[in-house]
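Raw entry.cif, mmCIF, C-alpha atoms:
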data_my_file
loop_
_atom_site.label_atom_id
_atom_site.label_comp_id
_atom_site.auth_asym_id
_atom_site.auth_seq_id
_atom_site.Cartn_x
_atom_site.Cartn_y
_atom_site.Cartn_z
CA MET D 1 -13.63 -4.93 -20.86
CA ASN D 2 -12.80 -1.58 -19.28
CA TRP D 3 -12.04 -0.83 -15.64
CA MET D 4 -15.56 0.35 -14.84
CA ALA D 5 -17.10 -2.78 -16.28
CA LYS D 6 -14.65 -4.93 -14.36
CA ALA D 7 -15.38 -3.07 -11.13
CA ARG D 8 -19.10 -3.65 -11.67
CA GLY D 9 -18.38 -7.29 -12.35
CA VAL D 10 -16.58 -7.58 -9.04
CA ALA D 11 -19.54 -6.01 -7.27
CA THR D 12 -21.99 -8.40 -8.91
CA ALA D 13 -19.93 -11.51 -8.28
CA ALA D 14 -19.07 -10.70 -4.68
CA ALA D 15 -22.23 -8.82 -3.67
CA ALA D 16 -19.86 -7.09 -1.27
CA VAL D 17 -18.56 -4.01 -3.04
CA PRO D 18 -20.63 -0.93 -2.09
CA SER D 19 -20.71 2.35 -3.96
CA LYS D 20 -18.81 3.82 -1.04
CA PRO D 21 -16.53 1.84 1.28
CA GLY D 22 -18.73 0.01 3.76
CA PRO D 23 -18.13 -2.82 6.21
CA ALA D 24 -15.48 -5.11 4.80
CA VAL D 25 -16.63 -8.59 3.91
CA ALA D 26 -14.43 -11.63 4.36
CA SER D 27 -14.00 -13.55 1.13
CA SER D 28 -12.17 -16.72 0.22
CA ALA D 29 -9.41 -17.53 2.68
CA THR D 30 -5.83 -16.72 1.84
CA THR D 31 -3.54 -19.65 2.51
CA GLN D 32 0.15 -20.25 3.12
CA THR D 33 2.22 -22.29 0.69
CA SER D 34 5.75 -23.64 0.95
CA THR D 35 7.05 -20.88 -1.32
CA GLY D 36 4.89 -18.01 -0.15
CA ARG D 37 1.43 -16.81 0.59
CA THR D 38 -1.44 -17.55 -1.78
CA SER D 39 -3.08 -14.18 -2.31
CA ASN D 40 -6.62 -13.79 -3.60
CA GLY D 41 -6.18 -10.04 -3.27
CA LEU D 42 -3.26 -10.08 -5.72
CA LYS D 43 -5.19 -12.33 -8.09
CA GLU D 44 -8.12 -9.91 -8.22
CA PHE D 45 -5.82 -6.86 -8.38
CA LEU D 46 -4.23 -8.35 -11.51
CA TRP D 47 -7.63 -9.19 -12.98
CA LEU D 48 -8.70 -5.57 -12.64
CA LEU D 49 -5.52 -4.49 -14.40
CA SER D 50 -5.67 -7.07 -17.14
CA ASP D 51 -7.27 -4.86 -19.82
CA ILE D 52 -4.87 -1.97 -19.34
CA LYS D 53 -2.25 -1.66 -22.07
CA ARG D 54 1.15 -0.60 -20.73
CA GLY D 55 -0.35 -0.05 -17.31
CA ARG D 56 1.80 1.54 -14.63
CA ILE D 57 2.33 -0.06 -11.22
CA LEU D 58 3.81 1.47 -8.06
CA ASP D 59 5.35 -0.92 -5.54
CA LEU D 60 5.76 0.57 -2.04
CA CYS D 61 8.38 -2.02 -1.07
CA PRO D 62 12.04 -2.16 -2.09
CA ALA D 63 12.34 -3.32 -5.69
CA THR D 64 12.91 -7.06 -6.09
CA GLN D 65 13.91 -8.80 -9.30
CA SER D 66 11.04 -11.26 -8.96
CA THR D 67 8.40 -8.52 -8.80
CA LEU D 68 10.04 -6.48 -11.56
CA ASN D 69 10.26 -9.49 -13.86
CA PHE D 70 6.68 -10.52 -13.18
CA PHE D 71 5.16 -7.18 -14.18
CA ILE D 72 7.57 -6.38 -17.00
CA GLU D 73 6.89 -9.76 -18.63
CA LYS D 74 3.17 -8.91 -18.54
CA GLY D 75 3.80 -5.59 -20.27
CA TYR D 76 3.48 -3.27 -17.27
CA ARG D 77 5.76 -0.43 -16.33
CA ILE D 78 6.68 -0.61 -12.67
CA SER D 79 8.23 1.84 -10.21
CA ALA D 80 9.27 1.17 -6.61
CA GLU D 81 9.31 3.44 -3.55
CA ASP D 82 10.70 2.01 -0.30
CA MET D 83 8.35 4.17 1.76
CA LEU D 84 9.29 3.02 5.24
CA ARG D 85 13.05 3.25 4.73
CA THR D 86 12.73 6.63 3.01
CA TRP D 87 10.61 7.97 5.87
CA LYS D 88 13.12 6.71 8.44
CA HIS D 89 16.01 8.40 6.59
CA PHE D 90 14.00 11.61 6.37
CA LEU D 91 13.35 11.62 10.14
CA ASN D 92 17.02 10.90 10.84
CA GLU D 93 18.04 13.83 8.66
CA GLU D 94 15.61 16.11 10.49
CA GLU D 95 17.08 15.01 13.83
CA GLU D 96 20.58 15.71 12.53
CA ARG D 97 19.50 19.14 11.36
CA MET D 98 18.22 20.01 14.82
CA ARG D 99 21.34 18.68 16.52
CA ASP D 100 23.51 20.84 14.28
CA VAL D 101 21.87 24.04 15.47
CA PRO D 102 24.53 26.01 17.40
CA ALA D 103 24.08 26.16 21.17
CA GLY D 104 21.96 29.09 22.24
CA GLU D 105 20.12 29.43 18.94
CA PRO D 106 16.41 28.47 18.80
CA VAL D 107 15.68 25.02 17.40
CA ASP D 108 13.24 25.14 14.54
CA ARG D 109 11.06 22.19 15.52
CA ILE D 110 8.11 21.56 13.24
CA SER D 111 4.89 19.66 13.79
CA LYS D 112 4.23 16.17 12.47
CA ALA D 113 1.84 17.63 9.89
CA GLU D 114 4.59 19.97 8.68
CA LEU D 115 7.05 17.06 8.63
CA GLY D 116 4.61 15.11 6.47
CA ALA D 117 4.21 17.98 4.03
CA LYS D 118 7.99 18.41 3.82
CA PHE D 119 8.49 14.69 3.27
CA LEU D 120 6.00 14.65 0.40
CA GLU D 121 7.77 17.51 -1.35
CA SER D 122 10.39 15.01 -2.51
CA ASN D 123 8.73 11.61 -2.06
CA LEU D 124 5.76 10.06 -3.87
CA ASN D 125 6.13 13.17 -5.99
CA TYR D 126 4.45 11.93 -9.17
CA PRO D 127 1.98 13.72 -11.44
CA ALA D 128 -1.69 13.15 -10.70
CA GLU D 129 -3.16 9.90 -12.05
CA SER D 130 0.26 8.39 -12.82
CA PHE D 131 -0.49 4.80 -11.79
CA HIS D 132 -3.17 2.25 -12.56
CA GLY D 133 -2.29 0.05 -9.58
CA ILE D 134 -0.45 0.50 -6.28
CA LEU D 135 0.91 -2.30 -4.11
CA ALA D 136 0.80 -0.78 -0.63
CA TRP D 137 1.53 -4.07 1.18
CA ASP D 138 1.48 -3.54 4.98
CA PHE D 139 3.21 -0.15 5.17
CA CYS D 140 0.14 1.42 6.85
CA ASP D 141 0.71 -0.81 9.90
CA TYR D 142 4.18 0.70 10.35
CA PHE D 143 3.89 4.29 9.20
CA ASP D 144 3.60 7.24 11.59
CA PRO D 145 -0.17 7.50 12.22
CA GLU D 146 -0.07 11.30 12.40
CA VAL D 147 1.38 11.55 8.90
CA LEU D 148 -0.36 8.58 7.30
CA PRO D 149 -3.49 10.54 6.21
CA GLN D 150 -1.31 12.89 4.17
CA VAL D 151 0.42 9.95 2.51
CA MET D 152 -2.92 8.33 1.74
CA GLN D 153 -4.11 11.55 0.12
CA ARG D 154 -1.03 11.51 -2.10
CA ILE D 155 -1.64 7.87 -3.01
CA TYR D 156 -5.19 8.76 -3.98
CA ASP D 157 -4.01 11.69 -6.08
CA ILE D 158 -1.42 9.73 -8.08
CA LEU D 159 -3.80 6.83 -8.77
CA HIS D 160 -5.67 6.77 -12.06
CA PRO D 161 -9.50 6.92 -11.92
CA ASN D 162 -10.77 3.34 -11.49
CA GLY D 163 -7.26 2.43 -10.32
CA ALA D 164 -6.72 -0.13 -7.54
CA VAL D 165 -4.72 -0.25 -4.33
CA LEU D 166 -3.87 -3.56 -2.67
CA ALA D 167 -3.04 -3.28 1.04
CA MET D 168 -2.49 -5.74 3.89
CA PHE D 169 -3.32 -5.38 7.58
CA HIS D 170 -2.18 -7.61 10.44
CA SER D 171 -4.54 -8.68 13.21
CA ARG D 172 -1.71 -8.62 15.75
CA PRO D 173 1.73 -6.98 15.92
CA LYS D 174 4.21 -8.75 13.67
CA GLU D 175 7.14 -10.45 15.32
CA ARG D 176 9.42 -9.95 12.34
CA PHE D 177 9.75 -7.19 9.78
CA CYS D 178 9.31 -8.29 6.17
CA ASN D 179 9.29 -6.94 2.66
CA TYR D 180 7.24 -8.60 -0.06
CA ARG D 181 7.82 -9.90 -3.56
CA VAL D 182 5.46 -11.26 -6.20
CA VAL D 183 6.20 -14.88 -7.07
CA ASP D 184 3.39 -15.48 -9.57
CA GLY D 185 -0.14 -14.34 -10.33
CA GLN D 186 -1.54 -15.55 -7.02
CA THR D 187 1.48 -15.87 -4.75
CA ILE D 188 3.40 -13.32 -2.71
CA GLU D 189 6.39 -14.10 -0.54
CA PRO D 190 7.21 -12.31 2.72
CA VAL D 191 10.97 -11.78 2.78
CA ALA D 192 12.58 -11.27 6.19
CA ALA D 193 14.50 -7.98 6.26
CA PRO D 194 16.38 -5.82 8.77
CA THR D 195 13.89 -3.92 10.90
CA VAL D 196 13.19 -0.53 9.38
CA ALA D 197 10.13 0.41 11.44
CA VAL D 198 8.18 -0.90 14.40
CA HIS D 199 4.64 -2.20 13.96
CA THR D 200 2.69 0.80 15.26
CA ARG D 201 -0.91 -0.36 15.45
CA VAL D 202 -3.53 -2.98 14.61
CA PHE D 203 -6.20 -1.39 12.46
CA GLN D 204 -9.83 -2.18 13.15
CA ASN D 205 -12.21 -2.57 10.23
CA ARG D 206 -13.72 0.91 10.57
CA GLU D 207 -10.28 2.50 10.85
CA ILE D 208 -9.21 0.88 7.58
CA LEU D 209 -12.30 2.19 5.81
CA ASP D 210 -11.75 5.65 7.27
CA LEU D 211 -8.17 5.59 6.00
CA PHE D 212 -9.42 4.86 2.48
CA ASP D 213 -12.57 6.95 2.76
CA LYS D 214 -12.01 8.72 -0.58
CA PHE D 215 -12.10 5.45 -2.49
CA ARG D 216 -15.45 4.46 -3.92
CA SER D 217 -15.46 0.73 -3.21
CA SER D 218 -13.63 -1.99 -1.34
CA LYS D 219 -13.30 -5.73 -1.00
CA THR D 220 -11.40 -7.76 1.57
CA PHE D 221 -9.97 -11.24 1.92
CA VAL D 222 -9.16 -12.62 5.37
CA GLY D 223 -6.54 -15.34 5.36
CA ARG D 224 -6.13 -18.28 7.69
CA ASP D 225 -3.14 -16.46 9.13
CA GLN D 226 -5.54 -13.59 10.01
CA VAL D 227 -3.84 -11.19 7.63
CA ARG D 228 -6.47 -9.07 5.91
CA GLU D 229 -5.94 -8.13 2.29
CA ALA D 230 -7.93 -5.09 1.21
CA LEU D 231 -8.56 -4.02 -2.37
CA PHE D 232 -9.71 -0.42 -2.94
CA LEU D 233 -10.94 1.16 -6.17
CA LYS D 234 -10.69 4.86 -6.90
#
Using structure tokens, write down the structure that the file contains.
Amino acid sequence: MNWMAKARGVATAAAAVPSKPGPAVASSATTQTSTGRTSNGLKEFLWLLSDIKRGRILDLCPATQSTLNFFIEKGYRISAEDMLRTWKHFLNEEEERMRDVPAGEPVDRISKAELGAKFLESNLNYPAESFHGILAWDFCDYFDPEVLPQVMQRIYDILHPNGAVLAMFHSRPKERFCNYRVVDGQTIEPVAAPTVAVHTRVFQNREILDLFDKFRSSKTFVGRDQVREALFLK
């Protein structure tokens, strides 16, 4: 079964996947287990990928051995980009550059849009349609909102047609910063980590759809912990 057929199958089974992203529909609840978080979004993400031979995955969290092993054992090629940490380092370098300007000389300050373009010159810099699946996790909740649309455009560009993005959105600001690792085919584990970025906003349903407006369909799962998993198809 190819990607298109699978996508149509999702639409038929859920009766909730429109031809263009529409109002998200809550599906089966995501639950919490002793070892992690049972994720229906991950389960369906993997189902959509299951017919791809040597599919390529991009993980937007720091690489973990558990996640690497999981995908490699299934025959996928996986890359990792620690987006939030890389963005923080980039901003720190820009601040250092401005501080190093000799006294009396004009400081070349650039707009957030220009910062975003400069950042993407050397980050997420993959050829178009490089990946069949992207694990975005909750980075949208933390990323600079003025630059996020540019990053989303890049994510769209590097995703293969009929490719999938799995993202998570919190209904309230998180108390603790976490990274994520895949435990098994339906379990992800939040891993407490040193704070890299501050939770910037709580996305409303329409804002999420606007952020992914180029994608042709969507499906969401709202967990008992009120974390929304969103699956988007290009």
Matched chain/residue IDs from the PyMOL selection byres ((chain D and resi 167-183) around 9), as a VMD selection string | chain D and resid 35 to 36 41 to 42 61 to 68 70 to 71 134 to 141 165 to 166 184 to 204 208 225 to 232
Per-axis box centre and lengths in Å around range 130-149 of chain D, 4 Å margin per side, axis-aligned, as AutoDock Vina command-line options:
--center_x 0.3 --center_y 3.7 --center_z -0.2 --size_x 15.7 --size_y 23.6 --size_z 33.2
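When only C-alpha atoms are used to compute distances to Phe45 in chain D, the closest of the residues D:Pro145, D:Gly223, D:Pro102, D:Gly133 turns out to be D:Gly133.
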Find the spatial neighbours of range 209-213 of chain D, counting only C-alpha atoms, within a cut-off of 12 Å - ignore same-chain residues fewer than 3 positions away - and output them as a PyMOL selection string.
-> chain D and resi 18-25+140-141+145-156+164-167+169+203-206+216-220+230-234
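What the PyMOL selection byres ((chain D and resi 130) around 9) matches in the given file is Arg56, Ile57, Tyr126, Pro127, Ala128, Glu129, Phe131, His132, Asp157, Ile158, Leu159 and His160 of chain D.
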Give me the range 33-98 of chain D side of the contact with range 113-119 of chain D, cut-off 9 Å, one line per residue showing its nearest atom pair and distance in Å at one decimal, counting only C-alpha atoms, sorted by chain and residue number, as a Markdown table.
| residue | atom | partner | partner_atom | distance |
| --- | --- | --- | --- | --- |
| D:Trp87 | CA | D:Phe119 | CA | 7.5 |
| D:Phe90 | CA | D:Phe119 | CA | 7.0 |
| D:Leu91 | CA | D:Leu115 | CA | 8.5 |
| D:Glu94 | CA | D:Leu115 | CA | 8.8 |
Calculate how many Å separate CA of Lys43 in chain D from CA of Val222 in chain D, rounding to one decimal.
-> 14.0 Å
re CA of Ser79 in chain D and CA of Leu120 in chain D: distance 16.8 Å
For range 211-229 of chain D, where the input has fewer atoms than it should, I would like N, CA and C atoms rebuilt and written as a PDB file, keeping the file's coordinate frame.
ATOM      1  N   LEU D 211      -9.439   5.263   6.638  1.00  0.00           N
ATOM      2  CA  LEU D 211      -8.170   5.590   6.000  1.00  0.00           C
ATOM      3  C   LEU D 211      -8.314   5.698   4.485  1.00  0.00           C
ATOM      4  N   PHE D 212      -9.195   4.877   3.928  1.00  0.00           N
ATOM      5  CA  PHE D 212      -9.420   4.860   2.480  1.00  0.00           C
ATOM      6  C   PHE D 212     -10.784   5.473   2.139  1.00  0.00           C
ATOM      7  N   ASP D 213     -11.197   6.452   2.906  1.00  0.00           N
ATOM      8  CA  ASP D 213     -12.570   6.950   2.760  1.00  0.00           C
ATOM      9  C   ASP D 213     -12.832   7.641   1.419  1.00  0.00           C
ATOM     10  N   LYS D 214     -11.803   8.084   0.715  1.00  0.00           N
ATOM     11  CA  LYS D 214     -12.010   8.720  -0.580  1.00  0.00           C
ATOM     12  C   LYS D 214     -12.257   7.720  -1.697  1.00  0.00           C
ATOM     13  N   PHE D 215     -11.917   6.471  -1.456  1.00  0.00           N
ATOM     14  CA  PHE D 215     -12.100   5.450  -2.490  1.00  0.00           C
ATOM     15  C   PHE D 215     -13.572   5.043  -2.538  1.00  0.00           C
ATOM     16  N   ARG D 216     -14.029   4.669  -3.729  1.00  0.00           N
ATOM     17  CA  ARG D 216     -15.450   4.460  -3.920  1.00  0.00           C
ATOM     18  C   ARG D 216     -15.921   3.055  -3.596  1.00  0.00           C
ATOM     19  N   SER D 217     -15.025   2.092  -3.517  1.00  0.00           N
ATOM     20  CA  SER D 217     -15.460   0.730  -3.210  1.00  0.00           C
ATOM     21  C   SER D 217     -14.302  -0.071  -2.632  1.00  0.00           C
ATOM     22  N   SER D 218     -14.655  -1.171  -1.989  1.00  0.00           N
ATOM     23  CA  SER D 218     -13.630  -1.990  -1.340  1.00  0.00           C
ATOM     24  C   SER D 218     -14.058  -3.441  -1.297  1.00  0.00           C
ATOM     25  N   LYS D 219     -13.064  -4.293  -1.155  1.00  0.00           N
ATOM     26  CA  LYS D 219     -13.300  -5.730  -1.000  1.00  0.00           C
ATOM     27  C   LYS D 219     -12.155  -6.290  -0.165  1.00  0.00           C
ATOM     28  N   THR D 220     -12.454  -7.214   0.725  1.00  0.00           N
ATOM     29  CA  THR D 220     -11.400  -7.760   1.570  1.00  0.00           C
ATOM     30  C   THR D 220     -11.368  -9.273   1.522  1.00  0.00           C
ATOM     31  N   PHE D 221     -10.188  -9.801   1.824  1.00  0.00           N
ATOM     32  CA  PHE D 221      -9.970 -11.240   1.920  1.00  0.00           C
ATOM     33  C   PHE D 221      -9.237 -11.479   3.240  1.00  0.00           C
ATOM     34  N   VAL D 222      -9.798 -12.310   4.092  1.00  0.00           N
ATOM     35  CA  VAL D 222      -9.160 -12.620   5.370  1.00  0.00           C
ATOM     36  C   VAL D 222      -8.547 -14.003   5.283  1.00  0.00           C
ATOM     37  N   GLY D 223      -7.237 -14.071   5.488  1.00  0.00           N
ATOM     38  CA  GLY D 223      -6.540 -15.340   5.360  1.00  0.00           C
ATOM     39  C   GLY D 223      -6.587 -16.157   6.647  1.00  0.00           C
ATOM     40  N   ARG D 224      -6.183 -17.397   6.524  1.00  0.00           N
ATOM     41  CA  ARG D 224      -6.130 -18.280   7.690  1.00  0.00           C
ATOM     42  C   ARG D 224      -5.088 -17.807   8.695  1.00  0.00           C
ATOM     43  N   ASP D 225      -4.132 -17.033   8.228  1.00  0.00           N
ATOM     44  CA  ASP D 225      -3.140 -16.460   9.130  1.00  0.00           C
ATOM     45  C   ASP D 225      -3.619 -15.140   9.729  1.00  0.00           C
ATOM     46  N   GLN D 226      -4.904 -14.796   9.480  1.00  0.00           N
ATOM     47  CA  GLN D 226      -5.540 -13.590  10.010  1.00  0.00           C
ATOM     48  C   GLN D 226      -4.926 -12.287   9.470  1.00  0.00           C
ATOM     49  N   VAL D 227      -4.273 -12.385   8.339  1.00  0.00           N
ATOM     50  CA  VAL D 227      -3.840 -11.190   7.630  1.00  0.00           C
ATOM     51  C   VAL D 227      -4.957 -10.801   6.672  1.00  0.00           C
ATOM     52  N   ARG D 228      -5.387  -9.553   6.764  1.00  0.00           N
ATOM     53  CA  ARG D 228      -6.470  -9.070   5.910  1.00  0.00           C
ATOM     54  C   ARG D 228      -5.885  -8.367   4.693  1.00  0.00           C
ATOM     55  N   GLU D 229      -6.274  -8.827   3.524  1.00  0.00           N
ATOM     56  CA  GLU D 229      -5.940  -8.130   2.290  1.00  0.00           C
ATOM     57  C   GLU D 229      -7.130  -7.262   1.917  1.00  0.00           C
TER      58      GLU D 229
END
